[in-house]
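Read the structure below first, then the notes.
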Amino acid sequence: MRPVRKAIFPVAGLGTRFLPATKAQPKEMLTVIDKPLIQFAVEEALDAGITHLIFVIGRTKRSIADHFDGNPELDALLRSKGKDDMADYLRNIVPSHCCCIYFRQAEALGLGHAVACAAPVIEEDEPFAVLLADDLMNGPVPILTQMVRQHENTGRSVLAVQEVPRSEVSSYGIVDTDMASEGSLSRVRAMVEKPSADSAPSNLAVVGRYILDGRIMQMLKTQAPGKGGEIQLTDAIVRLIDGPGIDAYRFDGQRYDCGSKIGFIEATMAHALAHPEFGPEVRRMMKAMMASEEGKAELAD
Ligand code: UTP
């Protein structure tokens, strides 16, 4: 079995839920405190042993390539000011044994189409990861690393899943699995993209981390448009179920939906509170704000 060494980052979506911030910049460059979402995802991939970082970029995505490129002027400036630690940190965002590969998705025709843009560098017998950087994921062990461990045991594709309220199933790909167990891994029997609440087979939603069988690239080539007229990754994944098989994996950790404004606010608050330097000050600020809000409410009563 080949190890998972390549990861695809589809970053060519239009990010309409985050306008106006995403009018001229990709949502994956939005920062939580001081780090762009895409860098969180890249760090997670590197932890999992990924060496080939494959970005599928769109019209406004040059800043992503710039972010992962060297910046000799900035490097020299930082070093001249004695800020060698920051210069070294920036230089190692992409370690020297790793490489970045870029594909362009000319038109946002769907997530499945974006993944298929990277087909020229994925071999048929080669498993690969897909990370959606607008899902910011934290866990005691990075989520993709947890998934790679599962894949090493089974050799099957792995989808990260989490339970969502029934009222939200229509925003996700929803899986039907072979057991209602509390265990973390279960075989996928069926998967539906954005079902209505009453037709959904469960409330187990697929979130933005996948390890996929290389053969899916062949399936994506012939994949017809599905829900919303887009070429859906879900529809091609369904075609793997009866072949090599797929597992749903309930990961150990949290997911923040940073494609939505409220999810991004939650991620920022959680990261600010946990920040080693600013955490205590942020906690004080939040308490003071809450007390002031409660005071205003009492006065209004
Ligand atoms: P989303 O549906 O969340 O992203 O796609 P979007 O379309 O950019 O956002 P909204 O809904 O308009 O706000 C999930 C991921 O797939 C990528 C996006 O960049 C995001 O990482 N994607 C989606 C592509 O790369 N190409 C596409 O054609 C569609």
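The chains in the structure tokens are called A, B, ... from first to last as shown; in each chain the residues are counted from 1, and the ligands are counted from 1 in the order shown.
Omitting stretch 105-108 of chain A and its sequence neighbours fewer than 5 positions away, and counting only C-alpha atoms, the residues within 12 Å are A:Phe9, A:Pro10, A:Val11, A:Ala12, A:Gly13, A:Leu14, A:Gly15, A:Thr16, A:Phe55, A:Val56, A:Ile57, A:Gly58, A:Arg59, A:Thr60, A:Lys61, A:His113, A:Ala114, A:Val115, A:Ala116, A:Cys117, A:Ala118, A:Gly229, A:Glu230, A:Ile231, A:Gln232.
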Export of the given selection (N, CA and C atoms) as a JSON list (two decimals), in the first residue's frame:
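out-v3.json was written with the following content:
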[["chain", "number", "residue", "atom", "x", "y", "z"],
["A", 9, "PHE", "N", -5.35, 21.10, -2.07],
["A", 9, "PHE", "CA", -6.06, 22.19, -1.38],
["A", 9, "PHE", "C", -6.88, 22.94, -2.44],
["A", 10, "PRO", "N", -8.16, 22.65, -2.56],
["A", 10, "PRO", "CA", -8.97, 23.41, -3.53],
["A", 10, "PRO", "C", -9.26, 24.80, -2.95],
["A", 11, "VAL", "N", -8.76, 25.82, -3.61],
["A", 11, "VAL", "CA", -8.93, 27.19, -3.08],
["A", 11, "VAL", "C", -9.44, 28.12, -4.19],
["A", 12, "ALA", "N", -10.26, 27.56, -5.07],
["A", 12, "ALA", "CA", -10.74, 28.34, -6.21],
["A", 12, "ALA", "C", -12.21, 28.72, -6.10],
["A", 13, "GLY", "N", -12.81, 28.49, -4.93],
["A", 13, "GLY", "CA", -14.22, 28.84, -4.75],
["A", 13, "GLY", "C", -14.40, 30.36, -4.73],
["A", 14, "LEU", "N", -15.64, 30.80, -4.85],
["A", 14, "LEU", "CA", -15.90, 32.25, -4.93],
["A", 14, "LEU", "C", -16.08, 32.89, -3.56],
["A", 15, "GLY", "N", -16.33, 32.09, -2.54],
["A", 15, "GLY", "CA", -16.46, 32.61, -1.18],
["A", 15, "GLY", "C", -17.56, 33.65, -1.03],
["A", 16, "THR", "N", -18.71, 33.38, -1.64],
["A", 16, "THR", "CA", -19.77, 34.41, -1.64],
["A", 16, "THR", "C", -20.35, 34.67, -0.24],
["A", 55, "PHE", "N", -2.07, 23.01, -4.84],
["A", 55, "PHE", "CA", -3.10, 24.04, -4.68],
["A", 55, "PHE", "C", -3.86, 24.18, -5.99],
["A", 56, "VAL", "N", -5.18, 24.16, -5.91],
["A", 56, "VAL", "CA", -5.99, 24.44, -7.10],
["A", 56, "VAL", "C", -6.53, 25.86, -6.90],
["A", 57, "ILE", "N", -5.97, 26.78, -7.66],
["A", 57, "ILE", "CA", -6.24, 28.20, -7.42],
["A", 57, "ILE", "C", -7.15, 28.77, -8.51],
["A", 58, "GLY", "N", -7.75, 29.90, -8.20],
["A", 58, "GLY", "CA", -8.64, 30.57, -9.16],
["A", 58, "GLY", "C", -8.14, 31.97, -9.46],
["A", 59, "ARG", "N", -9.05, 32.79, -9.90],
["A", 59, "ARG", "CA", -8.72, 34.11, -10.42],
["A", 59, "ARG", "C", -8.01, 35.02, -9.39],
["A", 60, "THR", "N", -8.49, 35.02, -8.15],
["A", 60, "THR", "CA", -7.95, 35.99, -7.18],
["A", 60, "THR", "C", -6.94, 35.36, -6.23],
["A", 61, "LYS", "N", -6.30, 34.28, -6.67],
["A", 61, "LYS", "CA", -5.57, 33.47, -5.70],
["A", 61, "LYS", "C", -4.06, 33.65, -5.72],
["A", 113, "HIS", "N", -14.82, 19.22, -9.59],
["A", 113, "HIS", "CA", -14.07, 19.73, -10.74],
["A", 113, "HIS", "C", -12.71, 20.27, -10.28],
["A", 114, "ALA", "N", -12.70, 20.98, -9.14],
["A", 114, "ALA", "CA", -11.44, 21.53, -8.62],
["A", 114, "ALA", "C", -10.46, 20.41, -8.30],
["A", 115, "VAL", "N", -10.94, 19.36, -7.64],
["A", 115, "VAL", "CA", -10.05, 18.23, -7.30],
["A", 115, "VAL", "C", -9.52, 17.58, -8.59],
["A", 116, "ALA", "N", -10.40, 17.44, -9.58],
["A", 116, "ALA", "CA", -9.98, 16.81, -10.84],
["A", 116, "ALA", "C", -8.92, 17.61, -11.57],
["A", 117, "CYS", "N", -8.83, 18.91, -11.31],
["A", 117, "CYS", "CA", -7.79, 19.73, -11.96],
["A", 117, "CYS", "C", -6.39, 19.23, -11.60],
["A", 118, "ALA", "N", -6.28, 18.54, -10.44],
["A", 118, "ALA", "CA", -4.96, 18.05, -10.00],
["A", 118, "ALA", "C", -4.67, 16.64, -10.48],
["A", 229, "GLY", "N", -25.98, 22.20, -10.10],
["A", 229, "GLY", "CA", -25.31, 22.29, -11.41],
["A", 229, "GLY", "C", -23.79, 22.20, -11.31],
["A", 230, "GLU", "N", -23.26, 21.85, -10.11],
["A", 230, "GLU", "CA", -21.81, 21.77, -9.93],
["A", 230, "GLU", "C", -21.33, 20.32, -10.03],
["A", 231, "ILE", "N", -20.07, 20.15, -10.41],
["A", 231, "ILE", "CA", -19.49, 18.81, -10.39],
["A", 231, "ILE", "C", -19.11, 18.52, -8.95],
["A", 232, "GLN", "N", -19.87, 17.60, -8.35],
["A", 232, "GLN", "CA", -19.77, 17.37, -6.91],
["A", 232, "GLN", "C", -18.77, 16.26, -6.61]]
> Using the chain letters and numbers from this document, which residues of stretch 75-287 of chain A does DSSP assign to helix (DSSP H, G or I), as a PyMOL selection string?
Replying inline: chain A and resi 75-80+84-91+111-116+119-121+143-154+166-171+216-221+227-229+233-241+261-274+279-287
Would you save the residues of that selection, restricted to C-alpha atoms, as a PDB file, in the first residue's frame?
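The resulting file, out.pdb, is reproduced below:
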ATOM      1  CA  ASP A  75      14.151  37.849   4.921  1.00  0.00           C
ATOM      2  CA  ALA A  76      17.114  40.268   4.648  1.00  0.00           C
ATOM      3  CA  LEU A  77      15.202  43.048   6.399  1.00  0.00           C
ATOM      4  CA  LEU A  78      14.185  40.835   9.329  1.00  0.00           C
ATOM      5  CA  ARG A  79      17.742  39.517   9.719  1.00  0.00           C
ATOM      6  CA  SER A  80      19.212  43.055   9.596  1.00  0.00           C
ATOM      7  CA  ASP A  84      16.218  35.859  12.840  1.00  0.00           C
ATOM      8  CA  ASP A  85      13.599  33.730  14.613  1.00  0.00           C
ATOM      9  CA  MET A  86      10.784  35.214  12.507  1.00  0.00           C
ATOM     10  CA  ALA A  87      12.915  34.974   9.332  1.00  0.00           C
ATOM     11  CA  ASP A  88      13.610  31.277  10.039  1.00  0.00           C
ATOM     12  CA  TYR A  89       9.944  30.650  10.817  1.00  0.00           C
ATOM     13  CA  LEU A  90       8.834  32.226   7.521  1.00  0.00           C
ATOM     14  CA  ARG A  91      11.472  30.307   5.575  1.00  0.00           C
ATOM     15  CA  LEU A 111     -15.420  20.989  -5.677  1.00  0.00           C
ATOM     16  CA  GLY A 112     -15.259  17.769  -7.725  1.00  0.00           C
ATOM     17  CA  HIS A 113     -14.069  19.731 -10.742  1.00  0.00           C
ATOM     18  CA  ALA A 114     -11.439  21.530  -8.621  1.00  0.00           C
ATOM     19  CA  VAL A 115     -10.046  18.228  -7.304  1.00  0.00           C
ATOM     20  CA  ALA A 116      -9.984  16.806 -10.843  1.00  0.00           C
ATOM     21  CA  ALA A 119      -5.409  14.688 -11.759  1.00  0.00           C
ATOM     22  CA  PRO A 120      -2.145  14.992 -13.765  1.00  0.00           C
ATOM     23  CA  VAL A 121      -0.067  14.520 -10.574  1.00  0.00           C
ATOM     24  CA  ILE A 143      -7.040  15.613  12.269  1.00  0.00           C
ATOM     25  CA  LEU A 144      -5.350  14.558   9.017  1.00  0.00           C
ATOM     26  CA  THR A 145      -2.737  12.640  11.024  1.00  0.00           C
ATOM     27  CA  GLN A 146      -5.572  10.778  12.790  1.00  0.00           C
ATOM     28  CA  MET A 147      -7.047   9.933   9.383  1.00  0.00           C
ATOM     29  CA  VAL A 148      -3.743   8.788   7.882  1.00  0.00           C
ATOM     30  CA  ARG A 149      -3.397   6.352  10.815  1.00  0.00           C
ATOM     31  CA  GLN A 150      -6.843   4.924  10.026  1.00  0.00           C
ATOM     32  CA  HIS A 151      -5.945   4.625   6.363  1.00  0.00           C
ATOM     33  CA  GLU A 152      -2.704   2.797   7.212  1.00  0.00           C
ATOM     34  CA  ASN A 153      -4.787   0.176   9.045  1.00  0.00           C
ATOM     35  CA  THR A 154      -7.449  -0.362   6.391  1.00  0.00           C
ATOM     36  CA  ARG A 166     -30.901  17.817  11.619  1.00  0.00           C
ATOM     37  CA  SER A 167     -31.804  21.364  10.628  1.00  0.00           C
ATOM     38  CA  GLU A 168     -28.335  21.759   9.061  1.00  0.00           C
ATOM     39  CA  VAL A 169     -28.009  18.539   7.036  1.00  0.00           C
ATOM     40  CA  SER A 170     -28.980  20.350   3.834  1.00  0.00           C
ATOM     41  CA  SER A 171     -25.631  22.197   3.931  1.00  0.00           C
ATOM     42  CA  ILE A 216     -11.491   8.646  -8.067  1.00  0.00           C
ATOM     43  CA  MET A 217      -9.696  10.904 -10.559  1.00  0.00           C
ATOM     44  CA  GLN A 218     -10.887   8.655 -13.382  1.00  0.00           C
ATOM     45  CA  MET A 219     -14.448   8.856 -12.031  1.00  0.00           C
ATOM     46  CA  LEU A 220     -14.320  12.645 -11.748  1.00  0.00           C
ATOM     47  CA  LYS A 221     -13.400  12.892 -15.435  1.00  0.00           C
ATOM     48  CA  LYS A 227     -26.678  19.370  -7.043  1.00  0.00           C
ATOM     49  CA  GLY A 228     -26.630  23.075  -7.924  1.00  0.00           C
ATOM     50  CA  GLY A 229     -25.314  22.293 -11.408  1.00  0.00           C
ATOM     51  CA  LEU A 233     -16.966  15.471  -5.200  1.00  0.00           C
ATOM     52  CA  THR A 234     -19.674  13.573  -3.281  1.00  0.00           C
ATOM     53  CA  ASP A 235     -21.105  12.053  -6.478  1.00  0.00           C
ATOM     54  CA  ALA A 236     -17.724  10.588  -7.424  1.00  0.00           C
ATOM     55  CA  ILE A 237     -17.102   9.374  -3.850  1.00  0.00           C
ATOM     56  CA  VAL A 238     -20.397   7.453  -4.035  1.00  0.00           C
ATOM     57  CA  ARG A 239     -18.938   5.511  -6.957  1.00  0.00           C
ATOM     58  CA  LEU A 240     -16.079   4.300  -4.706  1.00  0.00           C
ATOM     59  CA  ILE A 241     -18.447   2.741  -2.152  1.00  0.00           C
ATOM     60  CA  LYS A 261     -18.932  34.577   9.213  1.00  0.00           C
ATOM     61  CA  ILE A 262     -20.274  33.156  12.477  1.00  0.00           C
ATOM     62  CA  GLY A 263     -17.955  30.118  12.282  1.00  0.00           C
ATOM     63  CA  PHE A 264     -15.031  32.422  11.643  1.00  0.00           C
ATOM     64  CA  ILE A 265     -15.938  34.529  14.696  1.00  0.00           C
ATOM     65  CA  GLU A 266     -16.108  31.352  16.809  1.00  0.00           C
ATOM     66  CA  ALA A 267     -12.692  30.205  15.529  1.00  0.00           C
ATOM     67  CA  THR A 268     -11.171  33.592  16.251  1.00  0.00           C
ATOM     68  CA  MET A 269     -12.575  33.651  19.799  1.00  0.00           C
ATOM     69  CA  ALA A 270     -11.421  30.087  20.540  1.00  0.00           C
ATOM     70  CA  HIS A 271      -7.925  30.738  19.188  1.00  0.00           C
ATOM     71  CA  ALA A 272      -7.678  34.081  20.972  1.00  0.00           C
ATOM     72  CA  LEU A 273      -8.643  32.493  24.309  1.00  0.00           C
ATOM     73  CA  ALA A 274      -6.145  29.656  23.812  1.00  0.00           C
ATOM     74  CA  GLY A 279      -5.155  34.442  26.047  1.00  0.00           C
ATOM     75  CA  PRO A 280      -5.303  35.882  29.612  1.00  0.00           C
ATOM     76  CA  GLU A 281      -5.802  39.452  28.328  1.00  0.00           C
ATOM     77  CA  VAL A 282      -8.513  38.304  25.878  1.00  0.00           C
ATOM     78  CA  ARG A 283     -10.302  36.495  28.729  1.00  0.00           C
ATOM     79  CA  ARG A 284     -10.274  39.715  30.795  1.00  0.00           C
ATOM     80  CA  MET A 285     -11.565  41.722  27.806  1.00  0.00           C
ATOM     81  CA  MET A 286     -14.368  39.249  27.128  1.00  0.00           C
ATOM     82  CA  LYS A 287     -15.442  39.197  30.785  1.00  0.00           C
TER      83      LYS A 287
END
> Could you pull out the strand (DSSP E) residues of stretch 68-293 of chain A from DSSP and send them as a ChimeraX atom specification?
Replying inline: /A:99-104,128-131,135-138,157-163,173-177,185-193,204-212,246-250,254-257
